[in-house]
file start-v1.cif (mmCIF, C-alpha atoms)
data_input
loop_
_atom_site.group_PDB
_atom_site.id
_atom_site.type_symbol
_atom_site.label_atom_id
_atom_site.label_comp_id
_atom_site.auth_asym_id
_atom_site.auth_seq_id
_atom_site.Cartn_x
_atom_site.Cartn_y
_atom_site.Cartn_z
ATOM 1 C CA MET A 444 0.000 0.000 0.000
ATOM 2 C CA PHE A 445 1.302 3.457 -0.941
ATOM 3 C CA ASP A 446 2.463 5.286 2.180
ATOM 4 C CA TYR A 447 2.604 9.067 2.079
ATOM 5 C CA ASN A 448 3.479 11.343 4.977
ATOM 6 C CA PHE A 449 2.426 14.964 4.839
ATOM 7 C CA HIS A 450 5.051 17.641 5.473
ATOM 8 C CA TRP A 451 3.755 21.192 5.394
ATOM 9 C CA ARG A 452 6.806 23.052 6.695
ATOM 10 C CA PRO A 453 8.504 23.470 3.261
ATOM 11 C CA VAL A 454 5.255 24.865 1.862
ATOM 12 C CA MET A 455 4.889 27.368 4.686
ATOM 13 C CA LYS A 456 8.464 28.542 4.152
ATOM 14 C CA SER A 457 7.716 29.064 0.451
ATOM 15 C CA LEU A 458 4.360 30.752 1.047
ATOM 16 C CA PRO A 459 5.647 34.349 0.494
ATOM 17 C CA ASP A 460 7.009 33.299 -2.912
ATOM 18 C CA LEU A 461 3.719 31.615 -3.785
ATOM 19 C CA LEU A 462 1.744 34.713 -2.801
ATOM 20 C CA GLU A 463 4.037 36.881 -4.904
ATOM 21 C CA ALA A 464 3.506 34.509 -7.830
ATOM 22 C CA GLY A 465 -0.226 34.845 -7.230
ATOM 23 C CA LEU A 466 0.129 38.575 -7.853
ATOM 24 C CA VAL A 467 1.873 37.789 -11.144
ATOM 25 C CA THR A 468 -1.069 35.565 -12.067
ATOM 26 C CA LEU A 469 -3.503 38.365 -11.256
ATOM 27 C CA GLN A 470 -1.392 40.838 -13.213
ATOM 28 C CA VAL A 471 -1.294 38.830 -16.443
ATOM 29 C CA ALA A 472 -4.994 37.952 -16.148
ATOM 30 C CA THR A 473 -5.956 41.600 -15.630
ATOM 31 C CA LEU A 474 -3.862 42.825 -18.563
ATOM 32 C CA SER A 475 -5.254 40.109 -20.809
ATOM 33 C CA MET A 476 -8.801 41.066 -19.838
ATOM 34 C CA ILE A 477 -8.217 44.748 -20.585
ATOM 35 C CA LEU A 478 -6.839 43.865 -24.005
ATOM 36 C CA GLY A 479 -9.481 41.164 -24.463
ATOM 37 C CA VAL A 480 -12.326 43.617 -23.839
ATOM 38 C CA LEU A 481 -10.784 46.100 -26.279
ATOM 39 C CA PHE A 482 -10.179 43.557 -29.053
ATOM 40 C CA GLY A 483 -13.459 41.767 -28.357
ATOM 41 C CA LEU A 484 -15.376 45.031 -28.777
ATOM 42 C CA ILE A 485 -13.549 45.752 -32.033
ATOM 43 C CA LEU A 486 -14.182 42.236 -33.347
ATOM 44 C CA ALA A 487 -17.875 42.492 -32.508
ATOM 45 C CA LEU A 488 -18.216 45.848 -34.281
ATOM 46 C CA ILE A 489 -16.366 44.510 -37.322
ATOM 47 C CA GLY A 490 -18.569 41.429 -37.437
ATOM 48 C CA LEU A 491 -21.748 43.503 -37.240
ATOM 49 C CA ASN A 492 -20.837 46.408 -39.509
ATOM 50 C CA MET A 493 -18.117 45.326 -41.940
ATOM 51 C CA LYS A 494 -17.975 43.030 -44.949
ATOM 52 C CA GLY A 495 -15.206 41.327 -46.858
ATOM 53 C CA PRO A 496 -11.705 40.526 -45.511
ATOM 54 C CA LEU A 497 -12.120 42.377 -42.210
ATOM 55 C CA ARG A 498 -15.264 40.443 -41.386
ATOM 56 C CA TRP A 499 -13.579 37.168 -42.379
ATOM 57 C CA PHE A 500 -10.643 38.045 -40.130
ATOM 58 C CA ALA A 501 -12.944 38.730 -37.167
ATOM 59 C CA ALA A 502 -14.913 35.530 -37.782
ATOM 60 C CA GLY A 503 -11.681 33.534 -38.038
ATOM 61 C CA TRP A 504 -10.346 34.949 -34.770
ATOM 62 C CA VAL A 505 -13.579 34.183 -32.924
ATOM 63 C CA GLY A 506 -13.833 30.713 -34.452
ATOM 64 C CA LEU A 507 -10.278 29.735 -33.553
ATOM 65 C CA ALA A 508 -10.507 31.150 -30.035
ATOM 66 C CA ARG A 509 -13.780 29.386 -29.247
ATOM 67 C CA ASN A 510 -13.243 26.078 -31.054
ATOM 68 C CA THR A 511 -9.635 25.126 -30.376
ATOM 69 C CA PRO A 512 -8.081 24.038 -27.052
ATOM 70 C CA ALA A 513 -6.587 26.789 -24.921
ATOM 71 C CA LEU A 514 -3.415 24.703 -24.713
ATOM 72 C CA PHE A 515 -3.057 24.779 -28.507
ATOM 73 C CA GLN A 516 -3.388 28.562 -28.483
ATOM 74 C CA LEU A 517 -0.707 28.823 -25.812
ATOM 75 C CA PHE A 518 1.654 26.564 -27.751
ATOM 76 C CA PHE A 519 1.010 28.516 -30.941
ATOM 77 C CA PHE A 520 2.249 31.734 -29.364
ATOM 78 C CA GLY A 521 4.957 29.895 -27.453
ATOM 79 C CA PHE A 522 6.374 27.663 -30.183
ATOM 80 C CA GLY A 523 4.438 28.209 -33.400
ATOM 81 C CA LEU A 524 5.603 31.785 -33.840
ATOM 82 C CA GLY A 525 9.168 30.558 -33.447
ATOM 83 C CA ALA A 526 8.884 28.979 -36.896
ATOM 84 C CA PHE A 527 8.543 32.512 -38.251
ATOM 85 C CA GLY A 528 11.493 33.809 -36.242
ATOM 86 C CA LEU A 529 9.370 35.500 -33.572
ATOM 87 C CA HIS A 530 10.342 34.469 -30.047
ATOM 88 C CA LEU A 531 8.367 35.864 -27.105
ATOM 89 C CA THR A 532 9.127 35.911 -23.408
ATOM 90 C CA PRO A 533 7.051 33.558 -21.214
ATOM 91 C CA PHE A 534 5.067 36.536 -19.902
ATOM 92 C CA ALA A 535 4.326 37.747 -23.442
ATOM 93 C CA ILE A 536 3.347 34.224 -24.547
ATOM 94 C CA VAL A 537 0.777 33.841 -21.783
ATOM 95 C CA LEU A 538 -0.490 37.398 -22.227
ATOM 96 C CA ALA A 539 -0.940 36.896 -25.984
ATOM 97 C CA ALA A 540 -2.676 33.530 -25.569
ATOM 98 C CA LEU A 541 -5.032 34.799 -22.864
ATOM 99 C CA THR A 542 -5.825 37.948 -24.839
ATOM 100 C CA PHE A 543 -6.527 35.947 -27.993
ATOM 101 C CA ASN A 544 -8.810 33.556 -26.129
ATOM 102 C CA CYS A 545 -10.652 36.177 -24.088
ATOM 103 C CA ALA A 546 -11.203 38.449 -27.090
ATOM 104 C CA GLY A 547 -12.787 35.597 -29.044
ATOM 105 C CA TYR A 548 -15.262 34.758 -26.297
ATOM 106 C CA LEU A 549 -16.003 38.358 -25.383
ATOM 107 C CA ALA A 550 -16.626 39.266 -29.033
ATOM 108 C CA GLU A 551 -19.603 36.929 -29.038
ATOM 109 C CA ASN A 552 -20.851 38.419 -25.765
ATOM 110 C CA PHE A 553 -20.541 41.912 -27.197
ATOM 111 C CA ARG A 554 -22.275 40.836 -30.403
ATOM 112 C CA GLY A 555 -25.242 39.584 -28.389
ATOM 113 C CA GLY A 556 -25.217 42.796 -26.369
ATOM 114 C CA PHE A 557 -25.277 45.002 -29.476
ATOM 115 C CA GLN A 558 -28.096 42.981 -30.998
ATOM 116 C CA ALA A 559 -30.098 43.395 -27.788
ATOM 117 C CA ILE A 560 -30.140 47.203 -28.217
ATOM 118 C CA PRO A 561 -33.105 48.351 -30.369
ATOM 119 C CA LEU A 562 -32.113 50.161 -33.561
ATOM 120 C CA THR A 563 -34.690 52.801 -32.720
ATOM 121 C CA GLN A 564 -32.341 54.131 -30.033
ATOM 122 C CA ILE A 565 -29.630 54.765 -32.622
ATOM 123 C CA ARG A 566 -32.130 56.420 -34.968
ATOM 124 C CA ALA A 567 -33.371 58.618 -32.122
ATOM 125 C CA ALA A 568 -29.815 59.646 -31.258
ATOM 126 C CA ARG A 569 -29.083 60.466 -34.899
ATOM 127 C CA SER A 570 -32.275 62.495 -35.127
ATOM 128 C CA LEU A 571 -31.015 64.588 -32.194
ATOM 129 C CA GLY A 572 -27.906 65.509 -34.160
ATOM 130 C CA MET A 573 -25.447 62.876 -32.870
ATOM 131 C CA THR A 574 -23.013 61.292 -35.250
ATOM 132 C CA ALA A 575 -22.932 57.502 -35.543
ATOM 133 C CA THR A 576 -19.780 57.430 -33.381
ATOM 134 C CA GLN A 577 -21.378 59.594 -30.706
ATOM 135 C CA ALA A 578 -24.496 57.426 -30.716
ATOM 136 C CA TYR A 579 -22.426 54.305 -30.144
ATOM 137 C CA LEU A 580 -20.186 55.846 -27.475
ATOM 138 C CA ARG A 581 -22.920 57.617 -25.506
ATOM 139 C CA ILE A 582 -25.998 55.462 -26.044
ATOM 140 C CA VAL A 583 -25.185 51.959 -27.232
ATOM 141 C CA ILE A 584 -21.869 50.923 -25.686
ATOM 142 C CA PRO A 585 -22.798 51.892 -22.063
ATOM 143 C CA GLN A 586 -25.878 49.649 -22.343
ATOM 144 C CA VAL A 587 -23.864 46.848 -23.933
ATOM 145 C CA LEU A 588 -21.298 46.974 -21.132
ATOM 146 C CA ARG A 589 -24.103 46.621 -18.611
ATOM 147 C CA ILE A 590 -25.458 43.583 -20.474
ATOM 148 C CA VAL A 591 -22.082 41.839 -20.715
ATOM 149 C CA TYR A 592 -20.782 42.848 -17.283
ATOM 150 C CA TYR A 593 -21.296 39.465 -15.643
ATOM 151 C CA PRO A 594 -19.974 37.474 -18.631
ATOM 152 C CA ILE A 595 -16.867 39.672 -18.422
ATOM 153 C CA THR A 596 -16.561 38.774 -14.741
ATOM 154 C CA ASN A 597 -16.777 35.077 -15.595
ATOM 155 C CA GLN A 598 -14.151 35.544 -18.305
ATOM 156 C CA MET A 599 -11.849 37.204 -15.777
ATOM 157 C CA VAL A 600 -12.137 34.137 -13.559
ATOM 158 C CA TRP A 601 -11.417 31.944 -16.574
ATOM 159 C CA ALA A 602 -8.322 34.019 -17.388
ATOM 160 C CA VAL A 603 -6.971 33.597 -13.860
ATOM 161 C CA LEU A 604 -7.438 29.831 -13.970
ATOM 162 C CA MET A 605 -6.236 29.443 -17.563
ATOM 163 C CA SER A 606 -3.018 31.290 -16.736
ATOM 164 C CA SER A 607 -1.946 28.138 -14.878
ATOM 165 C CA LEU A 608 -1.103 26.638 -18.278
ATOM 166 C CA GLY A 609 1.722 29.154 -18.432
ATOM 167 C CA MET A 610 3.975 26.820 -16.467
ATOM 168 C CA LEU A 611 4.197 24.688 -19.635
ATOM 169 C CA VAL A 612 6.102 27.495 -21.382
ATOM 170 C CA GLY A 613 8.282 28.379 -18.391
ATOM 171 C CA PHE A 614 6.154 31.168 -16.968
ATOM 172 C CA ARG A 615 6.670 31.509 -13.214
ATOM 173 C CA GLU A 616 3.126 32.466 -12.251
ATOM 174 C CA LEU A 617 1.379 30.726 -9.357
ATOM 175 C CA SER A 618 1.275 27.229 -10.869
ATOM 176 C CA GLY A 619 4.749 27.594 -12.362
ATOM 177 C CA GLU A 620 6.189 28.654 -9.018
ATOM 178 C CA THR A 621 4.361 25.800 -7.329
ATOM 179 C CA GLN A 622 5.767 23.301 -9.805
ATOM 180 C CA PHE A 623 9.252 24.701 -9.231
ATOM 181 C CA PHE A 624 9.132 24.226 -5.465
ATOM 182 C CA ALA A 625 7.293 20.906 -5.658
ATOM 183 C CA SER A 626 9.928 19.448 -7.982
ATOM 184 C CA ARG A 627 12.671 20.429 -5.551
ATOM 185 C CA THR A 628 11.036 19.108 -2.399
ATOM 186 C CA TYR A 629 8.811 16.293 -3.779
ATOM 187 C CA ARG A 630 5.956 17.694 -1.699
ATOM 188 C CA ILE A 631 3.594 17.594 -4.691
ATOM 189 C CA PHE A 632 0.251 17.321 -2.909
ATOM 190 C CA GLU A 633 1.069 19.845 -0.194
ATOM 191 C CA TYR A 634 2.217 22.537 -2.613
ATOM 192 C CA PHE A 635 -0.673 22.138 -5.025
ATOM 193 C CA ALA A 636 -3.197 21.935 -2.183
ATOM 194 C CA VAL A 637 -2.031 25.305 -0.878
ATOM 195 C CA THR A 638 -1.958 26.668 -4.437
ATOM 196 C CA ALA A 639 -5.561 25.566 -4.949
ATOM 197 C CA VAL A 640 -6.527 27.526 -1.834
ATOM 198 C CA ILE A 641 -4.732 30.612 -3.174
ATOM 199 C CA TYR A 642 -6.557 30.304 -6.505
ATOM 200 C CA TYR A 643 -9.832 29.919 -4.622
ATOM 201 C CA VAL A 644 -9.186 33.087 -2.614
ATOM 202 C CA ILE A 645 -8.201 35.059 -5.742
ATOM 203 C CA VAL A 646 -11.390 34.031 -7.533
ATOM 204 C CA LYS A 647 -13.570 34.813 -4.514
ATOM 205 C CA VAL A 648 -11.976 38.267 -4.220
ATOM 206 C CA ILE A 649 -12.648 38.909 -7.923
ATOM 207 C CA LEU A 650 -16.294 37.866 -7.578
ATOM 208 C CA LEU A 651 -16.762 39.966 -4.443
ATOM 209 C CA ALA A 652 -15.158 43.000 -6.078
ATOM 210 C CA SER A 653 -17.351 42.563 -9.163
ATOM 211 C CA ARG A 654 -20.507 42.455 -7.026
ATOM 212 C CA LEU A 655 -19.479 45.581 -5.114
ATOM 213 C CA LEU A 656 -18.675 47.383 -8.363
ATOM 214 C CA ALA A 657 -21.972 46.280 -9.909
ATOM 215 C CA SER A 658 -23.895 47.605 -6.906
ATOM 216 C CA ARG A 659 -22.446 51.062 -7.582
ATOM 217 C CA LEU A 660 -22.515 51.020 -11.392
ATOM 218 C CA PHE A 661 -25.997 49.559 -11.764
ATOM 219 C CA ARG A 662 -27.711 51.218 -8.839
ATOM 220 C CA TYR A 663 -30.522 52.451 -11.070
#

call {"tool": "encode", "arguments": {"input": "start-v1.cif", "output": "structure tokens"}}
result
Amino acid sequence: MFDYNFHWRPVMKSLPDLLEAGLVTLQVATLSMILGVLFGLILALIGLNMKGPLRWFAAGWVGLARNTPALFQLFFFGFGLGAFGLHLTPFAIVLAALTFNCAGYLAENFRGGFQAIPLTQIRAARSLGMTATQAYLRIVIPQVLRIVYYPITNQMVWAVLMSSLGMLVGFRELSGETQFFASRTYRIFEYFAVTAVIYYVIVKVILLASRLLASRLFRY
């Protein structure tokens, strides 16, 4: 029978490093979400208003992001680009992969949000003298952001958890740091158990912050 004795002291000694790595995880997830929201919004607008190559490009991005494994996307930016002479740092690899993935999913959320806004609101804004850009920025997009707020929150959680794949390309985020210490001490279960708790706390903080922000943004 397999005999395993738990030893938590090495994990406790490494806890400051794990917490610091958790901040790196939160950093790359946050940056990827900012870029993902920006690119997702652009992709949605292209898909709804453009034709030809630009629309095909947007549809291809969304299709690849939503219908291929996240691991494949990570390896594409990590190793696939190397075939073209482009070599990224581990941080840039994970950031690019997360941004690509998040933008694809968020584009569909934004598309649904735009289609939920009646066209009569845009016509009314234009009749008041607004340009099309002003109508979108002042009337449409604020309503769309309210519609997709909670899907964005869920995508943020997904980005935090998906960043754990970064250890496969040498990125020392929370999972990568955990793997580093676990391989040196052979305390696999202990390290990853504590790491799971840290992930859990990060996600709960994100969800709590999103609820508090929603209570202020959507008070009326």

call {"tool": "residues_around", "arguments": {"input": "start-v1.cif", "residues": "Ile590 (chain A)", "least_positions_apart": "2", "cutoff": "9 Å", "atoms": "all atoms listed in the file", "output": "list in words"}}
result
Asn552, Phe553, Gly555, Gly556, Ala559, Pro585, Gln586, Val587, Leu588, Tyr592, Tyr593 and Pro594 of chain A

call {"tool": "write_last_selection", "arguments": {"input": "start-v1.cif", "atoms": "C-alpha atoms", "output": "short mmCIF file (atom, residue, chain, number, x, y, z; two decimals), in the coordinates of the input"}}
result
data_model
loop_
_atom_site.label_atom_id
_atom_site.label_comp_id
_atom_site.auth_asym_id
_atom_site.auth_seq_id
_atom_site.Cartn_x
_atom_site.Cartn_y
_atom_site.Cartn_z
CA ASN A 552 -20.85 38.42 -25.76
CA PHE A 553 -20.54 41.91 -27.20
CA GLY A 555 -25.24 39.58 -28.39
CA GLY A 556 -25.22 42.80 -26.37
CA ALA A 559 -30.10 43.40 -27.79
CA PRO A 585 -22.80 51.89 -22.06
CA GLN A 586 -25.88 49.65 -22.34
CA VAL A 587 -23.86 46.85 -23.93
CA LEU A 588 -21.30 46.97 -21.13
CA TYR A 592 -20.78 42.85 -17.28
CA TYR A 593 -21.30 39.47 -15.64
CA PRO A 594 -19.97 37.47 -18.63
#

call {"tool": "closest_residue", "arguments": {"input": "start-v1.cif", "among": "A:Tyr548, A:Phe518, A:Phe543, A:Phe635", "to": "Leu617 (chain A)", "atoms": "all atoms listed in the file"}}
result
A:Phe635

call {"tool": "resolve_selection", "arguments": {"input": "start-v1.cif", "expression": "the PyMOL selection byres ((chain A and resi 651-657) around 10)", "output": "ChimeraX atom specification"}}
result
/A:589,592-593,595-597,645-650,658-662

call {"tool": "residues_near_point", "arguments": {"input": "start-v1.cif", "point": "(-5.0, 36.0, -17.8)", "cutoff": "9 Å", "atoms": "all atoms listed in the file", "output": "PyMOL selection string"}}
result
chain A and resi 468-476+537-538+540-542+545+599-607

call {"tool": "atom_distance", "arguments": {"input": "start-v1.cif", "atom1": "CA of Gly479 (chain A)", "atom2": "CA of Ala550 (chain A)"}}
result
8.7 Å
